[in-house]
Amino acid sequence: MSHRPAPTLADRIAAAQAWWREAGVDYAYRDEPAGWLADEVSAAQPAPAEGAPPPAPPVEPAGPPVGGDRASWPQDLAAFGPWWLGEPSLDAGGTHPRVPPRGVADATVLMLVPMPEANDSNVLLSGPQGRLLASFATAAGLAPEAVAVAAALPRHAPHPDWDGLAARGHGEVLLHLLGLARPQRLIVFGRNILPLLGHGPAQAAPVLSELTIQGRATPLLVAYAPETLLGSPRERKALWHRWLEWTDLDE
C-alpha cells in the first residue's frame, strides 16, 4: 500500500484557491465596511484633542430678513395692502395669489388667521372659513365694519415653515401690521401664529391674555385655526364660551 506524502502548506493554499475559483468566487468579501478614506481624512484633518467636544455642524443661514429695509415699510394701513402684495421677501412664491388684509384701523376686533383660503383671490377668507367667522361675528353682535381680518401669510400654503419664518423676522412684519391696525381686541385663530408674535412655543397658549403692540396692551383671545373649527362643533362651542367670558370682563 502506497502512502502519499502529506501536502505542504503551499499545496493546501493552492487547492483552496482552485476550489473557490471553480465555484466562481474570484474575490474575497467582508461583511464589515472598510474605511477606505481613513488614512486620507486623518492626514488632512488633525485628530481632536482627547476629551474635546465634537465640532458643531455648520449653521445654514436663515435667509434674508422678511420685509426688506424697515425704512421702506408702510406707515399706514391703507398703504400696507399694496406692499403686502408686492414686497418680494414676504414669501417664497406659490401657485395661489397673495391676498391683502381687509377692514379699517381701530376696528372693534381684528381676526388674525394663518393664511388665506385656497380659493381666495381678491378677498381674504371668501370661502367657508370666512363664512364661519362672519357668523361668529354676527352672533357676537359685531357689525361687519367693526371687524378687520388679516392673515399671517400673504398666500395660501400647504405646509408653511413657521420656524423658518420666525427666524427670518416675519413676526416683526405682523406686529407692524397690528400696530397700524390698532384693534381694540385681537383674536388669533391658529396657535402656529403665536411664536411670530413673541409667544414662546414651549409655553401653553393663553385663553385670556393680552399682547403688547408698540407699547399698547391689546386684549388677546387665542382659538384654533378656522379649518379646525369648521370640523369641530365642540371647539366652536368652546370658543363661544371663551368669547362670552372674555367680553364679560369689561362689564
# chains A, B, ... in the order shown; residues from 1 in each chain; ligands from 1
>>> select_by_dssp(residues="stretch 39-227 of chain A", states="helix (DSSP H, G or I)", output="VMD selection string")
chain A and resid 39 to 44 70 to 72 77 to 86 88 to 90 128 to 139 144 to 146 162 to 167 170 to 181 191 to 197 226 to 227
>>> residues_around(residues="stretch 146-150 of chain A", least_positions_apart="5", cutoff="9 Å", atoms="only C-alpha atoms", output="ChimeraX atom specification")
/A:100-116,124-125,137,177,181,183
>>> closest_residue(among="A:His96, A:Leu221, A:Leu186, A:Gly141", to="A:Glu245", atoms="only C-alpha atoms")
A:Leu221
>>> atom_distance(atom1="atom CA of A:Glu172", atom2="atom CA of A:Leu197")
7.8 Å
>>> atom_distance(atom1="atom CA of A:Arg98", atom2="atom CA of A:Arg216")
29.1 Å
